[in-house]
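Here the structure comes first, spelled out in structure tokens, and everything after it is commentary.
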Amino acid sequence: MHLDRRAALITLLAVAAPTLQAQSAVFRVTAIPDEAPTELAKKAAPLVAYLEKQLGQKVEFTPVTDYAAAVEVLVNRKVDLAWFGGFTFVQAKIRSGGKAIPLVQREEDEKFRSVVITADASVKTLADLKGKDFSFGSQSSTSGHLMPRHFLAQQGLDAEKSFRRVAYSGAHDATIAAVAGGRVAGGALNISVWQKFVDEKKVDPAAVRVIYTTPAYFDYNWTVHADLPAATREKLTAAFLALRPGAPEADEILKLQRATRFVPSKVENYIGIESAAKAAGLL
């Protein structure tokens with residue numbers, strides 16, 4: 001009888017072990033490094049604390065070195081949740097064979113825009129940038145490269161032919177620094193980072209000026225891998241959608257995420273970005 005009870009206990013523990021392990025596993029979050037590492041960590045901290053409570057498990061922010069790495073860690077299930085731009089989402093969707101699922105996006109990402117800035121007194125319009133040095137952000141950036149490149153081409157500025165030199169700063173804040181420092185005559189970046197720098201008085205808009213704002217397009221989202229359990233996906237979605245101004249813990253998170261609120265996202269939102277990337281030879 002004693003042996004039977006012992007055998008039953010061993011069997012029970014063996015069955016329960018995977019469940020216990022799953023419940024205690026760390027839920028990992030990452031984000032494309034479109035700003036300085038210190039800024040990304042600052043943005044992540046309150047969101048990580050909030051998600052820990054909502055999911056009932058340990059949540060950790062896992063920084064990556066570049067945009068390509070953000071795609072790879074999600075595709076290879078090294079992280080569970082990733083903050084992507086529209087282009088990096090498309091890359092993840094293709095790399096994963098369609099298993100990248102966008103859960104939510106900021107309301108702002110339904111009509112996102114990029115800006116072109118300059119500190120060169122001789123530059124008044126986009127046409128004045130011809131023959132001068134120009135900077136995009138990361139080559140895999142939606143709002144710092146792909147979409148401004150796409151819209152500049154529509155304005156008659158072919159990146160490879162119109163500029164003397166094209167540089168890639170790696171991040172939106174680095175593009176502002178390159179333009180402000182006179183290292184390039186113009187640069188493209190996302191409008192929310194630009195506005196943040198203006199609001200925080202980190203840049204003088206009289207000295208560094210916006211000369212062009214793109215049409216709207218879909219951009220950033222929070223993405224998971226299809227292998228993440230459906231119940232966890234539902235918890236995550238509910239947690240983000242519950243972030244409304246005035247709700248517990250919401251105001252700080254929304255401010256740092258530069259969001260009014262989060263709304264559901266879907267793969268179809270990014271068809272235009274995929275088409276633009278293919279047209280530019282970037283896919």
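Just remember, in the structure tokens the first chain shown is A, the second B, etc., residues are 1-based per chain, and ligands are 1-based in the order shown.
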Give me the residues of stretch 29-97 of chain A that have any atom at most 7 Å from an atom of stretch 253-272 of chain A; for each, the nearest atom pair and the distance in Å, rounded to one decimal. Use only C-alpha atoms, sort by chain and number, and format it as a tab-separated table.
residue	atom	partner	partner_atom	distance
A:Lys43	CA	A:Leu256	CA	5.2
A:Pro46	CA	A:Ile253	CA	6.1
A:Leu47	CA	A:Ile253	CA	5.9
A:Gly86	CA	A:Tyr270	CA	6.3
request  = Within 10 Å of A:Ser96, counting only C-alpha atoms, which residues show up once you throw out same-chain ones fewer than 6 positions away? Write them as number ranges by chain, please.
outcome  = A: 71-72, 74-76, 90, 225-226
query = Running DSSP on the backbone, which parts of stretch 196-281 of chain A land in helix (DSSP H, G or I), as a ChimeraX atom specification?
reply = /A:196-199,230-241,250-256,267-279
Residues from last step as file, N, CA and C atoms, as a JSON list (two decimals), in the first residue's frame:
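again_14.json was written with the following content:
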[["chain", "number", "residue", "atom", "x", "y", "z"],
["A", 196, "LYS", "N", 8.24, 64.38, -28.95],
["A", 196, "LYS", "CA", 8.75, 64.21, -27.60],
["A", 196, "LYS", "C", 9.97, 65.09, -27.36],
["A", 197, "PHE", "N", 10.87, 65.15, -28.33],
["A", 197, "PHE", "CA", 12.07, 65.98, -28.20],
["A", 197, "PHE", "C", 11.70, 67.46, -28.13],
["A", 198, "VAL", "N", 10.71, 67.86, -28.90],
["A", 198, "VAL", "CA", 10.26, 69.26, -28.86],
["A", 198, "VAL", "C", 9.62, 69.57, -27.51],
["A", 199, "ASP", "N", 8.71, 68.68, -27.06],
["A", 199, "ASP", "CA", 8.01, 68.90, -25.80],
["A", 199, "ASP", "C", 8.97, 68.95, -24.62],
["A", 230, "ALA", "N", -3.31, 30.34, -26.40],
["A", 230, "ALA", "CA", -4.41, 31.26, -26.68],
["A", 230, "ALA", "C", -4.86, 31.99, -25.42],
["A", 231, "ALA", "N", -4.86, 31.30, -24.28],
["A", 231, "ALA", "CA", -5.29, 31.92, -23.03],
["A", 231, "ALA", "C", -4.38, 33.08, -22.65],
["A", 232, "THR", "N", -3.08, 32.90, -22.89],
["A", 232, "THR", "CA", -2.12, 33.97, -22.58],
["A", 232, "THR", "C", -2.29, 35.13, -23.54],
["A", 233, "ARG", "N", -2.55, 34.83, -24.80],
["A", 233, "ARG", "CA", -2.80, 35.89, -25.78],
["A", 233, "ARG", "C", -4.01, 36.72, -25.37],
["A", 234, "GLU", "N", -5.04, 36.02, -24.90],
["A", 234, "GLU", "CA", -6.27, 36.72, -24.49],
["A", 234, "GLU", "C", -6.02, 37.60, -23.27],
["A", 235, "LYS", "N", -5.23, 37.10, -22.32],
["A", 235, "LYS", "CA", -4.89, 37.90, -21.13],
["A", 235, "LYS", "C", -4.10, 39.15, -21.52],
["A", 236, "LEU", "N", -3.14, 38.97, -22.42],
["A", 236, "LEU", "CA", -2.33, 40.10, -22.87],
["A", 236, "LEU", "C", -3.18, 41.16, -23.55],
["A", 237, "THR", "N", -4.03, 40.70, -24.46],
["A", 237, "THR", "CA", -4.89, 41.63, -25.19],
["A", 237, "THR", "C", -5.78, 42.40, -24.22],
["A", 238, "ALA", "N", -6.40, 41.69, -23.29],
["A", 238, "ALA", "CA", -7.28, 42.33, -22.31],
["A", 238, "ALA", "C", -6.51, 43.33, -21.46],
["A", 239, "ALA", "N", -5.27, 42.98, -21.10],
["A", 239, "ALA", "CA", -4.45, 43.87, -20.27],
["A", 239, "ALA", "C", -4.16, 45.18, -20.99],
["A", 240, "PHE", "N", -3.80, 45.10, -22.26],
["A", 240, "PHE", "CA", -3.50, 46.32, -23.02],
["A", 240, "PHE", "C", -4.77, 47.15, -23.26],
["A", 241, "LEU", "N", -5.87, 46.48, -23.58],
["A", 241, "LEU", "CA", -7.10, 47.20, -23.86],
["A", 241, "LEU", "C", -7.67, 47.87, -22.61],
["A", 250, "ALA", "N", -2.52, 53.08, -15.46],
["A", 250, "ALA", "CA", -2.55, 53.33, -16.89],
["A", 250, "ALA", "C", -1.83, 54.61, -17.32],
["A", 251, "ASP", "N", -2.01, 55.69, -16.55],
["A", 251, "ASP", "CA", -1.53, 56.99, -17.02],
["A", 251, "ASP", "C", -0.03, 57.03, -17.29],
["A", 252, "GLU", "N", 0.76, 56.47, -16.36],
["A", 252, "GLU", "CA", 2.22, 56.48, -16.55],
["A", 252, "GLU", "C", 2.62, 55.63, -17.75],
["A", 253, "ILE", "N", 2.00, 54.46, -17.88],
["A", 253, "ILE", "CA", 2.32, 53.57, -19.00],
["A", 253, "ILE", "C", 1.97, 54.22, -20.33],
["A", 254, "LEU", "N", 0.78, 54.79, -20.42],
["A", 254, "LEU", "CA", 0.35, 55.42, -21.67],
["A", 254, "LEU", "C", 1.23, 56.61, -22.02],
["A", 255, "LYS", "N", 1.61, 57.39, -21.03],
["A", 255, "LYS", "CA", 2.48, 58.54, -21.29],
["A", 255, "LYS", "C", 3.82, 58.09, -21.85],
["A", 256, "LEU", "N", 4.43, 57.08, -21.21],
["A", 256, "LEU", "CA", 5.74, 56.59, -21.66],
["A", 256, "LEU", "C", 5.65, 55.91, -23.02],
["A", 267, "VAL", "N", -3.29, 41.49, -39.00],
["A", 267, "VAL", "CA", -2.29, 41.33, -40.06],
["A", 267, "VAL", "C", -2.60, 42.21, -41.26],
["A", 268, "GLU", "N", -3.86, 42.33, -41.60],
["A", 268, "GLU", "CA", -4.27, 43.07, -42.81],
["A", 268, "GLU", "C", -3.86, 44.54, -42.76],
["A", 269, "ASN", "N", -3.66, 45.07, -41.55],
["A", 269, "ASN", "CA", -3.26, 46.48, -41.44],
["A", 269, "ASN", "C", -1.92, 46.76, -42.11],
["A", 270, "TYR", "N", -1.09, 45.72, -42.28],
["A", 270, "TYR", "CA", 0.28, 45.92, -42.71],
["A", 270, "TYR", "C", 0.54, 45.50, -44.16],
["A", 271, "ILE", "N", -0.54, 45.29, -44.91],
["A", 271, "ILE", "CA", -0.40, 44.94, -46.32],
["A", 271, "ILE", "C", 0.27, 46.06, -47.09],
["A", 272, "GLY", "N", -0.09, 47.32, -46.80],
["A", 272, "GLY", "CA", 0.51, 48.46, -47.48],
["A", 272, "GLY", "C", 1.99, 48.58, -47.23],
["A", 273, "ILE", "N", 2.42, 48.30, -46.00],
["A", 273, "ILE", "CA", 3.83, 48.36, -45.67],
["A", 273, "ILE", "C", 4.59, 47.25, -46.38],
["A", 274, "GLU", "N", 4.01, 46.06, -46.42],
["A", 274, "GLU", "CA", 4.66, 44.95, -47.14],
["A", 274, "GLU", "C", 4.82, 45.29, -48.62],
["A", 275, "SER", "N", 3.80, 45.90, -49.20],
["A", 275, "SER", "CA", 3.87, 46.30, -50.62],
["A", 275, "SER", "C", 4.94, 47.35, -50.85],
["A", 276, "ALA", "N", 5.04, 48.33, -49.94],
["A", 276, "ALA", "CA", 6.05, 49.37, -50.06],
["A", 276, "ALA", "C", 7.45, 48.78, -49.94],
["A", 277, "ALA", "N", 7.62, 47.81, -49.04],
["A", 277, "ALA", "CA", 8.94, 47.19, -48.85],
["A", 277, "ALA", "C", 9.35, 46.39, -50.07],
["A", 278, "LYS", "N", 8.40, 45.68, -50.67],
["A", 278, "LYS", "CA", 8.71, 44.91, -51.88],
["A", 278, "LYS", "C", 9.05, 45.85, -53.03],
["A", 279, "ALA", "N", 8.30, 46.95, -53.15],
["A", 279, "ALA", "CA", 8.56, 47.92, -54.23],
["A", 279, "ALA", "C", 9.93, 48.55, -54.09]]
With a cut-off of 6 Å, could you pull out the residues of stretch 17-134 of chain A touching stretch 139-149 of chain A and give me the nearest pair of atoms for each, distance in Å to one decimal, using only C-alpha atoms, ordered by chain and ascending number, as JSON lines?
{"residue": "A:Gly85", "atom": "CA", "partner": "A:Thr142", "partner_atom": "CA", "distance": 5.8}
{"residue": "A:Gly86", "atom": "CA", "partner": "A:Thr142", "partner_atom": "CA", "distance": 5.8}
{"residue": "A:Phe87", "atom": "CA", "partner": "A:Thr142", "partner_atom": "CA", "distance": 5.0}
{"residue": "A:Ser114", "atom": "CA", "partner": "A:Ser143", "partner_atom": "CA", "distance": 5.6}
task = For A:Tyr217, please output as a VMD selection string all residues within 7 Å (counting only C-alpha atoms; exclusion window: fewer than 2 positions along the same chain).
result = chain A and resid 110 to 113 215 219
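Minimum atom-to-atom distances from A:Arg106, A:Lys124, A:His172, A:Arg164 to A:Glu35 were compared using only C-alpha atoms, and the lowest value belongs to A:His172.
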query = Leaving out A:Ala185 and any residue of its chain fewer than 4 positions from it, which residues lie within 10 Å of it when counting only C-alpha atoms, given as JSON, numbers by chain?
reply = {"A": [117, 118, 119, 120, 121, 122, 123, 128, 129, 130, 131, 132, 133, 134, 135, 163, 178, 179, 180, 181]}
Residues from the last selection, C-alpha atoms, saved as a PDB file, in the first residue's frame:
ATOM      1  CA  ILE A 117      13.817  67.681 -40.613  1.00  0.00           C
ATOM      2  CA  THR A 118      16.711  70.008 -41.405  1.00  0.00           C
ATOM      3  CA  ALA A 119      18.972  72.534 -39.700  1.00  0.00           C
ATOM      4  CA  ASP A 120      20.446  73.750 -43.000  1.00  0.00           C
ATOM      5  CA  ALA A 121      19.401  77.359 -43.631  1.00  0.00           C
ATOM      6  CA  SER A 122      19.552  76.795 -47.400  1.00  0.00           C
ATOM      7  CA  VAL A 123      16.976  74.007 -47.245  1.00  0.00           C
ATOM      8  CA  ASP A 128      16.499  71.701 -51.726  1.00  0.00           C
ATOM      9  CA  LEU A 129      17.845  68.434 -50.285  1.00  0.00           C
ATOM     10  CA  LYS A 130      18.932  67.202 -53.718  1.00  0.00           C
ATOM     11  CA  GLY A 131      22.672  66.705 -53.885  1.00  0.00           C
ATOM     12  CA  LYS A 132      23.041  66.886 -50.095  1.00  0.00           C
ATOM     13  CA  ASP A 133      23.668  64.295 -47.353  1.00  0.00           C
ATOM     14  CA  PHE A 134      20.595  62.674 -45.844  1.00  0.00           C
ATOM     15  CA  SER A 135      20.006  60.306 -42.921  1.00  0.00           C
ATOM     16  CA  PHE A 163      21.110  62.581 -52.310  1.00  0.00           C
ATOM     17  CA  ALA A 178      22.973  64.060 -36.835  1.00  0.00           C
ATOM     18  CA  VAL A 179      20.795  66.807 -38.307  1.00  0.00           C
ATOM     19  CA  ALA A 180      21.227  69.184 -35.366  1.00  0.00           C
ATOM     20  CA  GLY A 181      24.981  68.643 -35.464  1.00  0.00           C
TER      21      GLY A 181
END
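A straight line drawn from atom CA of A:Val210 to atom CA of A:Ile32 is 24.6 Å long.
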